[in-house]
$ cat work-v9.txt   # compact mmCIF, C-alpha atoms and all ligand atoms
# COMPACT_ATOMS: atom_id res chain seq x y z
CA MET D 1 95.16 119.92 93.39
CA ARG D 2 95.53 118.04 90.12
CA VAL D 3 97.22 114.79 91.17
CA LEU D 4 98.78 112.05 89.05
CA VAL D 5 98.01 108.75 90.79
CA THR D 6 100.09 105.81 89.54
CA GLY D 7 98.73 102.34 90.14
CA SER D 8 95.31 103.96 89.94
CA ALA D 9 93.68 100.62 89.06
CA GLY D 10 95.40 98.75 91.90
CA SER D 11 93.92 97.79 95.24
CA ILE D 12 95.02 101.00 96.95
CA GLY D 13 94.47 103.19 93.88
CA ARG D 14 90.85 102.11 93.55
CA VAL D 15 90.20 103.42 97.05
CA VAL D 16 92.46 106.47 97.02
CA CYS D 17 91.30 107.95 93.67
CA PRO D 18 87.62 108.39 94.60
CA GLY D 19 88.66 109.32 98.14
CA LEU D 20 90.80 112.18 96.85
CA VAL D 21 88.04 113.29 94.46
CA ASP D 22 85.71 113.50 97.47
CA ARG D 23 88.29 115.74 99.12
CA GLY D 24 88.29 118.14 96.18
CA HIS D 25 91.28 116.88 94.17
CA GLU D 26 91.29 116.26 90.43
CA ILE D 27 92.78 112.87 89.50
CA VAL D 28 94.92 111.84 86.56
CA GLY D 29 95.31 108.05 86.60
CA LEU D 30 98.30 106.13 85.25
CA ASP D 31 98.28 102.35 85.18
CA LEU D 32 99.25 99.37 83.03
CA VAL D 33 95.60 98.58 82.34
CA PRO D 34 92.95 100.61 80.45
CA GLU D 35 90.62 103.02 82.22
CA PRO D 36 88.22 101.14 84.52
CA GLU D 37 84.52 101.84 84.25
CA GLY D 38 83.36 104.66 86.50
CA PHE D 39 86.79 106.25 86.92
CA ASP D 40 86.39 109.97 87.66
CA GLY D 41 89.26 111.85 85.99
CA THR D 42 91.76 111.67 83.14
CA TRP D 43 93.41 108.32 82.36
CA HIS D 44 96.74 107.29 80.88
CA THR D 45 97.67 103.67 80.19
CA GLY D 46 101.39 103.05 80.56
CA ASP D 47 104.23 101.50 82.50
CA CYS D 48 105.89 103.70 85.14
CA ALA D 49 109.20 101.91 84.49
CA ASP D 50 109.07 103.29 80.91
CA VAL D 51 110.43 106.83 81.18
CA ASP D 52 108.89 107.84 77.82
CA ALA D 53 105.43 106.69 78.91
CA VAL D 54 105.85 108.62 82.16
CA PHE D 55 106.93 111.81 80.39
CA ALA D 56 103.99 111.45 77.95
CA ALA D 57 101.57 111.32 80.89
CA PHE D 58 103.09 114.51 82.33
CA GLU D 59 103.01 116.31 78.98
CA ALA D 60 99.28 115.70 78.48
CA GLN D 61 98.17 118.17 81.21
CA PRO D 62 99.69 120.28 83.99
CA LEU D 63 100.01 118.56 87.37
CA ASP D 64 100.46 119.73 90.96
CA ALA D 65 101.61 116.51 92.62
CA VAL D 66 102.21 112.78 92.19
CA VAL D 67 100.93 109.93 94.36
CA HIS D 68 103.06 106.94 93.41
CA LEU D 69 101.23 103.73 94.28
CA ALA D 70 102.30 101.58 91.32
CA GLY D 71 104.47 98.53 91.99
CA GLN D 72 104.31 94.82 92.68
CA PRO D 73 102.73 94.46 96.13
CA HIS D 74 104.57 91.21 96.90
CA GLU D 75 108.06 89.76 97.02
CA GLY D 76 109.69 89.34 93.60
CA SER D 77 113.14 88.71 92.21
CA PHE D 78 115.84 91.23 93.10
CA PRO D 79 116.00 92.78 89.57
CA ASP D 80 112.21 92.92 89.26
CA SER D 81 111.90 94.52 92.68
CA LEU D 82 114.36 97.26 91.78
CA THR D 83 112.51 97.94 88.52
CA SER D 84 109.10 97.90 90.15
CA HIS D 85 109.95 100.24 93.02
CA ALA D 86 113.16 102.17 92.32
CA THR D 87 113.16 102.55 88.51
CA THR D 88 109.53 103.71 88.47
CA THR D 89 110.25 106.24 91.22
CA GLY D 90 113.29 107.56 89.35
CA ALA D 91 111.31 107.98 86.11
CA LEU D 92 108.56 109.87 87.93
CA LEU D 93 111.00 112.12 89.81
CA ASP D 94 112.77 113.00 86.54
CA ALA D 95 109.44 113.85 84.91
CA MET D 96 108.50 115.93 87.97
CA LEU D 97 111.68 117.98 87.69
CA ALA D 98 111.19 118.52 83.96
CA HIS D 99 107.60 119.67 84.51
CA LYS D 100 108.12 121.65 87.72
CA VAL D 101 105.98 119.34 89.84
CA THR D 102 107.33 119.63 93.35
CA ARG D 103 105.61 116.97 95.46
CA MET D 104 105.54 113.18 95.52
CA VAL D 105 103.67 111.05 98.03
CA TYR D 106 105.12 107.55 97.83
CA ALA D 107 103.57 104.25 98.86
CA SER D 108 106.55 102.77 100.64
CA SER D 109 106.11 99.83 102.96
CA ASN D 110 106.66 98.59 106.48
CA HIS D 111 108.93 96.01 104.77
CA ALA D 112 111.58 98.76 104.36
CA VAL D 113 112.18 98.13 108.07
CA GLY D 114 110.61 94.67 108.24
CA ARG D 115 113.66 92.96 109.67
CA THR D 116 113.53 95.17 112.78
CA PRO D 117 112.96 92.94 115.83
CA ARG D 118 109.56 93.51 117.37
CA GLN D 119 110.35 95.31 120.64
CA ASP D 120 109.60 98.97 121.26
CA LEU D 121 107.59 101.21 118.98
CA VAL D 122 109.58 101.62 115.73
CA GLY D 123 110.25 105.24 114.81
CA VAL D 124 111.20 106.86 111.50
CA ASP D 125 114.84 107.29 112.54
CA THR D 126 115.46 103.55 112.71
CA ARG D 127 117.91 102.29 110.11
CA PRO D 128 116.62 100.83 106.84
CA ARG D 129 116.19 97.14 107.59
CA PRO D 130 114.43 95.44 104.69
CA ASP D 131 113.13 91.89 105.06
CA THR D 132 112.93 90.94 101.37
CA PHE D 133 113.97 92.16 97.92
CA TYR D 134 110.58 93.88 97.94
CA GLY D 135 111.77 95.76 101.03
CA VAL D 136 115.12 96.51 99.38
CA GLY D 137 113.21 98.04 96.44
CA LYS D 138 111.26 100.23 98.85
CA VAL D 139 114.45 101.33 100.64
CA ALA D 140 116.01 102.20 97.26
CA ALA D 141 112.93 104.21 96.28
CA GLU D 142 113.02 106.06 99.62
CA ALA D 143 116.71 106.83 99.00
CA LEU D 144 115.80 108.37 95.63
CA LEU D 145 113.16 110.57 97.28
CA SER D 146 115.75 111.73 99.79
CA LEU D 147 118.28 112.43 97.03
CA TYR D 148 115.84 114.50 94.95
CA ALA D 149 114.66 116.37 98.04
CA ASP D 150 118.25 117.30 98.95
CA ARG D 151 119.39 118.08 95.42
CA TYR D 152 116.36 119.79 93.96
CA GLY D 153 114.11 120.74 96.90
CA VAL D 154 111.35 118.32 95.97
CA ASP D 155 108.82 117.62 98.75
CA ALA D 156 108.77 113.84 99.08
CA ILE D 157 106.84 111.88 101.67
CA ALA D 158 107.43 108.14 102.02
CA CYS D 159 104.38 106.50 103.61
CA ARG D 160 105.48 103.12 105.02
CA ILE D 161 102.16 101.37 104.67
CA GLY D 162 101.31 98.49 106.99
CA SER D 163 98.48 96.14 105.95
CA PHE D 164 95.97 97.88 103.70
CA GLN D 165 92.77 95.88 104.09
CA GLU D 166 89.06 96.49 104.49
CA ARG D 167 89.40 94.90 107.92
CA PRO D 168 92.26 93.13 109.74
CA GLN D 169 92.63 89.50 108.60
CA SER D 170 95.23 88.11 111.01
CA PHE D 171 96.62 88.56 114.50
CA ARG D 172 99.58 90.55 113.09
CA GLN D 173 97.21 92.90 111.33
CA LEU D 174 95.71 93.97 114.66
CA SER D 175 99.01 95.91 114.86
CA THR D 176 99.69 96.66 111.18
CA TRP D 177 96.25 97.47 109.75
CA LEU D 178 95.61 100.56 107.64
CA SER D 179 91.91 101.11 107.02
CA HIS D 180 90.66 102.40 103.68
CA ASP D 181 89.43 105.67 105.17
CA ASP D 182 92.67 106.26 107.07
CA CYS D 183 94.63 105.60 103.89
CA VAL D 184 92.78 108.42 102.12
CA ARG D 185 93.32 110.66 105.18
CA MET D 186 97.04 109.84 105.11
CA ILE D 187 97.51 110.55 101.38
CA ASP D 188 95.51 113.77 101.60
CA ALA D 189 97.57 114.95 104.59
CA ALA D 190 100.82 114.11 102.79
CA LEU D 191 99.65 116.02 99.70
CA THR D 192 98.75 119.14 101.65
CA ALA D 193 101.29 119.30 104.51
CA PRO D 194 103.13 122.63 104.28
CA ALA D 195 106.76 122.28 103.09
CA PRO D 196 107.57 118.79 104.45
CA GLY D 197 110.83 118.37 102.51
CA TYR D 198 111.78 114.68 102.72
CA ALA D 199 109.68 112.95 105.33
CA VAL D 200 108.75 109.44 106.38
CA LEU D 201 105.56 108.39 108.13
CA TYR D 202 103.99 105.07 109.07
CA GLY D 203 100.79 104.24 107.25
CA ILE D 204 98.76 102.41 109.85
CA SER D 205 95.49 103.15 111.61
CA ALA D 206 95.35 104.27 115.24
CA ASN D 207 95.70 100.65 116.33
CA THR D 208 95.82 100.01 120.06
CA ARG D 209 98.53 97.38 119.36
CA ALA D 210 100.51 99.54 116.87
CA TRP D 211 104.14 98.55 116.21
CA TRP D 212 105.09 101.84 114.56
CA ASP D 213 105.12 105.40 115.83
CA LEU D 214 102.25 107.50 114.50
CA GLU D 215 103.65 110.82 115.72
CA PRO D 216 105.70 111.59 112.56
CA GLY D 217 102.48 111.21 110.56
CA ARG D 218 100.52 113.36 113.00
CA ALA D 219 103.17 116.07 112.67
CA LEU D 220 102.31 116.15 108.95
CA GLY D 221 98.56 116.31 109.62
CA TYR D 222 97.74 112.59 109.34
CA GLU D 223 95.20 111.90 112.09
CA PRO D 224 94.04 108.26 111.82
CA LEU D 225 90.58 107.54 113.21
CA ASP D 226 90.22 103.75 112.95
CA ASP D 227 91.54 101.06 115.32
CA ALA D 228 91.94 97.36 114.48
CA GLU D 229 91.02 96.57 118.09
CA GLU D 230 87.39 96.87 117.10
CA PHE D 231 87.85 93.58 115.17
CA ALA D 232 90.06 91.80 117.73
CA ASP D 233 87.41 89.28 118.78
CA SER D 234 86.65 88.20 115.22
CA VAL D 235 90.24 87.81 113.97
CA PRO D 236 91.23 84.12 113.84
CA ARG D 237 94.40 82.99 115.63
CA GLY D 238 96.85 81.04 113.47
CA ASP D 239 99.80 78.69 113.98
CA ALA D 240 102.18 81.25 112.46
CA ASP D 241 101.16 84.13 114.77
CA GLU D 242 104.12 83.78 117.12
CA VAL D 243 106.74 83.46 114.37
CA GLU D 244 105.18 86.39 112.50
CA ALA D 245 105.43 88.57 115.60
CA ALA D 246 109.22 88.22 115.90
CA PHE D 247 110.00 90.92 113.32
CA VAL D 248 107.78 93.80 112.25
CA GLY D 249 107.73 92.52 108.66
CA GLY D 250 105.89 89.39 109.84
CA PRO D 251 105.80 86.62 107.21
CA PHE D 252 108.22 88.47 104.89
CA ALA D 253 110.89 88.22 107.60
CA THR D 254 110.64 84.43 107.81
CA GLU D 255 112.88 81.85 106.13
CA GLN D 256 110.39 80.98 103.41
CA TYR D 257 111.52 84.16 101.59
CA TYR D 258 115.27 83.48 101.69
CA ARG D 259 116.71 83.24 98.17
CA ASN D 260 119.66 84.39 96.06
CA ALA D 261 119.68 87.90 94.63
CA LEU D 262 120.62 86.80 91.12
CA ASP D 263 120.17 83.67 89.03
CA ARG D 264 123.32 82.19 87.52
CA SER D 265 123.23 81.10 83.91
C1 LIG D 301 103.08 95.32 102.01
O1 LIG D 301 103.78 96.29 101.81
C2 LIG D 301 102.70 94.41 100.92
O2 LIG D 301 102.45 95.09 99.71
C3 LIG D 301 101.54 93.52 101.24
O3 LIG D 301 101.55 92.43 100.34
C4 LIG D 301 101.59 93.00 102.70
O4 LIG D 301 102.71 92.17 102.87
C5 LIG D 301 101.70 94.18 103.65
O5 LIG D 301 102.82 94.98 103.31
C6 LIG D 301 101.82 93.71 105.10
O6 LIG D 301 102.89 93.84 105.70
O7 LIG D 301 100.84 93.21 105.62
$ encode --input "work-v9.txt" --output "structure tokens"
Amino acid sequence: MRVLVTGSAGSIGRVVCPGLVDRGHEIVGLDLVPEPEGFDGTWHTGDCADVDAVFAAFEAQPLDAVVHLAGQPHEGSFPDSLTSHATTTGALLDAMLAHKVTRMVYASSNHAVGRTPRQDLVGVDTRPRPDTFYGVGKVAAEALLSLYADRYGVDAIACRIGSFQERPQSFRQLSTWLSHDDCVRMIDAALTAPAPGYAVLYGISANTRAWWDLEPGRALGYEPLDDAEEFADSVPRGDADEVEAAFVGGPFATEQYYRNALDRS
């Protein structure tokens, strides 16, 4: 498949692009920054929130699918979060329709449901429960995927990624970790699953202490092989562990992130 990967120079993109090449895909990168050395594929420099830049990237070559990874990975202001996650997704979906590209794999986040109390395994049918404006942006982007799937028959898979790290760094991440290799497995499965329509899966490894249900991902062919438990003895315990375990969004669900949606002039 020829796949447009947005955020191709970002932390996830730098792992996913070569990983997808290894799995036989051809990559077209789109990022704010110029082509990094050693990138294997075609490169476009542009902002995914700029609909003209997005259309220009689509017009340069035919595409089979989009993997949308671009976006601020942290909490931001309410307007910036909507631009970073929802506006970019809307621009890409419009360009997909115009160019008959029928599949998007979206890097959503566990923070779309981060304010869910940590009790039983969280499934994909739980209500949207963002913990931050970042999470609100992800919920809005997921809503756009659902809308375009219903209206136009686009295949759109929202991968609610946990903690993408080389190895788990904190007690919470023993539950939320997504290994690099599993991330590539997840994206590849979401790209190739037959006729998924609109679907949501949780992007974590096969962690013994998982907080999210992996079955919806498995139903789409995502079979994670790593387990954070392997690192359990080396992960340091911290003072915030207990507070961070109250809600699945961890630190993002704590009071330090409370702020107004809009600044007054
Ligand atoms: C995410 O979605 C964020 O991009 C990242 O900064 C972490 O907060 C991660 O989730 C996580 O929950 O560990």
$ atom_distance --input "work-v9.txt" --atom1 "atom CA of D:Ser163" --atom2 "atom CA of D:Leu63"
29.2 Å
$ residues_around --input "work-v9.txt" --residues "stretch 188-203 of chain D" --least-positions-apart "5" --cutoff "9 Å" --atoms "all atoms listed in the file" --output "PyMOL selection string"
chain D and resi 1+3+19-20+23+65-67+103-105+107-110+123-125+142+145-150+153-164+176-178+182-183+212-223
$ closest_residue --input "work-v9.txt" --among "D:Val15, D:Arg2, D:Glu255, D:Ala228" --to "D:His180" --atoms "all atoms listed in the file"
D:Val15
$ closest_residue --input "work-v9.txt" --among "D:Phe247, D:Ser11, D:Arg264, D:Gln256" --to "D:Val122" --atoms "all atoms listed in the file"
D:Phe247
$ residues_around --input "work-v9.txt" --residues "D:Gly135" --least-positions-apart "4" --cutoff "7 Å" --atoms "only C-alpha atoms" --output "ChimeraX atom specification"
/D:111-112,130-131,139
$ atom_distance --input "work-v9.txt" --atom1 "atom CA of D:Glu26" --atom2 "atom CA of D:Trp43"
11.5 Å
$ closest_residue --input "work-v9.txt" --among "D:Leu82, D:Ile12, D:Cys17, D:Ala141" --to "ligand LIG 301 (chain D)" --atoms "all atoms listed in the file"
D:Ile12
$ residues_around --input "work-v9.txt" --residues "D:His44" --least-positions-apart "2" --cutoff "10 Å" --atoms "all atoms listed in the file" --output "MDAnalysis selection string"
chainID D and resid 4 6 8 28:35 42 46:47 53:54 56:58 60
$ axis_aligned_box --input "work-v9.txt" --around "stretch 158-175 of chain D" --padding-each-side "3 Å" --output "AutoDock Vina command-line options"
--center_x 98.2 --center_y 98.1 --center_z 108.4 --size_x 24.4 --size_y 26.0 --size_z 18.8
$ closest_residue --input "work-v9.txt" --among "D:Ile204, D:Val113, D:Leu262, D:Met186" --to "D:Gly249" --atoms "only C-alpha atoms"
D:Val113
$ closest_residue --input "work-v9.txt" --among "D:Val51, D:Val184, D:His74, D:Ala95" --to "D:Pro18" --atoms "only C-alpha atoms"
D:Val184
$ atom_distance --input "work-v9.txt" --atom1 "atom CA of D:Arg172" --atom2 "atom CA of D:Asn260"
27.0 Å
$ closest_residue --input "work-v9.txt" --among "D:Val136, D:Val21, D:Cys48, D:Val5" --to "D:Tyr106" --atoms "all atoms listed in the file"
D:Val5
$ residues_around --input "work-v9.txt" --residues "D:Thr87" --least-positions-apart "2" --cutoff "10 Å" --atoms "all atoms listed in the file" --output "list in words"
Cys48, Ala49, Asp50, Val51, Asp80, Ser81, Leu82, Thr83, Ser84, His85, Thr89, Gly90, Ala91, Leu92, Leu93, Gly137, Ala140, Ala141 and Leu144 of chain D
$ residues_around --input "work-v9.txt" --residues "D:Tyr257" --least-positions-apart "2" --cutoff "10 Å" --atoms "only C-alpha atoms" --output "list in words"
Glu75, Gly76, Asp131, Thr132, Phe133, Pro251, Phe252, Ala253, Thr254, Glu255, Arg259 and Asn260 of chain D
